[in-house]
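Colleague: What follows is data_14.txt, made up of compact mmCIF, C-alpha atoms:
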# COMPACT_ATOMS: atom_id res chain seq x y z
CA MET A 254 146.02 118.48 142.24
CA VAL A 255 144.00 120.30 139.59
CA THR A 256 142.67 117.05 138.11
CA ALA A 257 141.44 115.89 141.53
CA MET A 258 139.39 119.05 141.97
CA LYS A 259 137.71 118.84 138.59
CA PRO A 260 135.53 115.75 139.35
CA LEU A 261 134.57 117.23 142.70
CA SER A 262 133.57 120.46 141.01
CA HIS A 263 131.42 118.58 138.49
CA PHE A 264 129.86 116.54 141.28
CA SER A 265 128.97 119.60 143.34
CA THR A 266 127.53 121.32 140.26
CA LEU A 267 125.46 118.24 139.48
CA LEU A 268 124.31 117.96 143.09
CA PHE A 269 123.35 121.63 143.18
CA THR A 270 121.38 121.25 139.94
CA LEU A 271 119.54 118.20 141.27
CA VAL A 272 118.64 119.96 144.49
CA LEU A 273 117.27 122.96 142.64
CA SER A 274 115.30 120.83 140.21
CA ALA A 275 113.76 118.89 143.09
CA CYS A 276 112.45 122.11 144.57
CA SER A 277 109.17 122.70 142.88
CA PRO A 278 107.19 125.86 143.37
CA SER A 279 104.67 125.62 146.14
CA PRO A 280 101.09 125.08 144.97
CA ALA A 281 99.09 128.21 144.44
CA ILE A 282 97.17 129.20 147.52
CA ASP A 283 93.52 129.91 146.88
CA THR A 284 92.56 133.20 148.45
CA VAL A 285 89.04 134.03 149.54
CA GLU A 286 88.80 136.59 146.74
CA SER A 287 89.95 134.16 144.04
CA LEU A 288 87.55 131.50 145.27
CA ALA A 289 84.63 133.93 145.38
CA ALA A 290 85.42 134.96 141.80
CA ASN A 291 85.54 131.35 140.55
CA PRO A 292 82.24 129.58 141.36
CA GLU A 293 83.21 126.29 139.67
CA ARG A 294 86.36 125.93 141.77
CA LEU A 295 84.46 127.00 144.87
CA LYS A 296 81.77 124.38 144.28
CA ALA A 297 84.36 121.63 143.77
CA LEU A 298 86.25 122.60 146.92
CA ARG A 299 83.05 122.79 148.98
CA LEU A 300 82.31 119.19 148.05
CA GLN A 301 85.88 118.11 148.81
CA CYS A 302 85.76 119.86 152.19
CA LYS A 303 82.55 118.00 153.02
CA LEU A 304 84.04 114.64 152.10
CA GLU A 305 87.71 114.95 153.09
CA ARG A 306 88.26 117.95 155.34
CA ALA A 307 91.17 116.29 157.14
CA LYS A 308 93.01 115.79 153.84
CA LEU A 309 92.49 119.37 152.60
CA GLY A 310 93.06 121.02 155.95
CA ASP A 311 91.13 123.48 158.05
CA GLU A 312 92.82 126.54 156.57
CA LEU A 313 91.64 125.88 153.02
CA CYS A 314 88.17 124.77 154.09
CA ASN A 315 87.78 127.92 156.21
CA ARG A 316 88.68 130.00 153.15
CA VAL A 317 86.11 128.07 151.13
CA ALA A 318 83.46 128.79 153.76
CA GLU A 319 84.36 132.49 153.84
CA ALA A 320 84.24 132.71 150.03
CA THR A 321 80.83 131.01 150.05
CA ASN A 322 79.59 133.55 152.59
CA ARG A 323 80.90 136.44 150.51
CA ARG A 324 79.20 135.13 147.37
CA PHE A 325 75.94 134.62 149.22
CA LEU A 326 75.92 137.71 151.44
CA GLY A 327 78.03 140.06 149.33
CA ASP A 328 81.21 141.75 150.47
CA ARG A 329 79.38 143.63 153.26
CA LYS A 330 81.00 146.96 152.47
CA THR A 331 77.73 148.79 152.94
CA THR A 332 76.33 149.49 156.35
CA ASP A 333 72.72 149.20 157.30
CA THR A 334 71.28 152.67 157.64
CA PRO A 335 67.82 153.57 158.82
CA PRO A 336 65.43 154.98 156.23
CA LYS A 337 65.24 158.76 155.91
CA ASP A 338 61.51 158.75 156.56
CA PRO A 339 60.50 156.67 159.57
CA ALA A 340 57.53 154.37 159.10
CA LYS A 341 54.21 155.78 160.29
CA PHE A 342 51.92 153.45 162.15
Any chance you could put this one into structure tokens?

Modeller:
Amino acid sequence: MVTAMKPLSHFSTLLFTLVLSACSPSPAIDTVESLAANPERLKALRLQCKLERAKLGDELCNRVAEATNRRFLGDRKTTDTPPKDPAKF
């Protein structure tokens, strides 16, 4: 009985190892902040989104657009305030 269990144990260990090795880590998700900080990657992704948006997906291309806006417009943390001295006409 013990000898019959040994091959099954080895098989299940091998199967478990294969399943774990097949699971690769998910690709790194580009955040808006990381894209805004890396202009080369942002430029490459902007071009890819123009050419193959369906392949890359709307989520990534929307992040690329937001990162482009942040680089162009800034992070918008300041508010527009009127000048202390109003203009005299």

Colleague: Would you compute the distance between CA of Thr284 in chain A and CA of Arg299 in chain A? Give it in Å to one decimal.

Modeller: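 CA of Arg299 in chain A lies 14.1 Å from CA of Thr284 in chain A.
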
Colleague: Counting all atoms listed in the file, figure out which residue out of A:Leu268, A:Ala340, A:Leu313, A:Leu326 gets nearest to Leu295 in chain A.

Modeller: A:Leu313

Colleague: Suppose you want the space between CA of Leu288 in chain A and CA of Phe325 in chain A; what is it in Å?

Modeller: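 Separation of CA of Leu288 in chain A and CA of Phe325 in chain A: 12.7 Å.
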
Colleague: For Leu298 in chain A, which of A:Glu286, A:Gly310, A:Leu267, A:Val317 is the closest residue, counting all atoms listed in the file?

Modeller: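 With all atoms listed in the file as the atom set, the closest residue is A:Val317.
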
Colleague: Just give me the gap between CA of Ala320 in chain A and CA of Val285 in chain A in Å, one decimal is fine.

Modeller: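 It comes out at 5.0 Å.
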
Colleague: Near Glu312 in chain A, counting only C-alpha atoms, which residues have an atom at most 12 Å away, once you skip same-chain residues fewer than 3 positions from it, shown as number ranges by chain?

Modeller: A: 282-285, 302, 306-309, 315-319
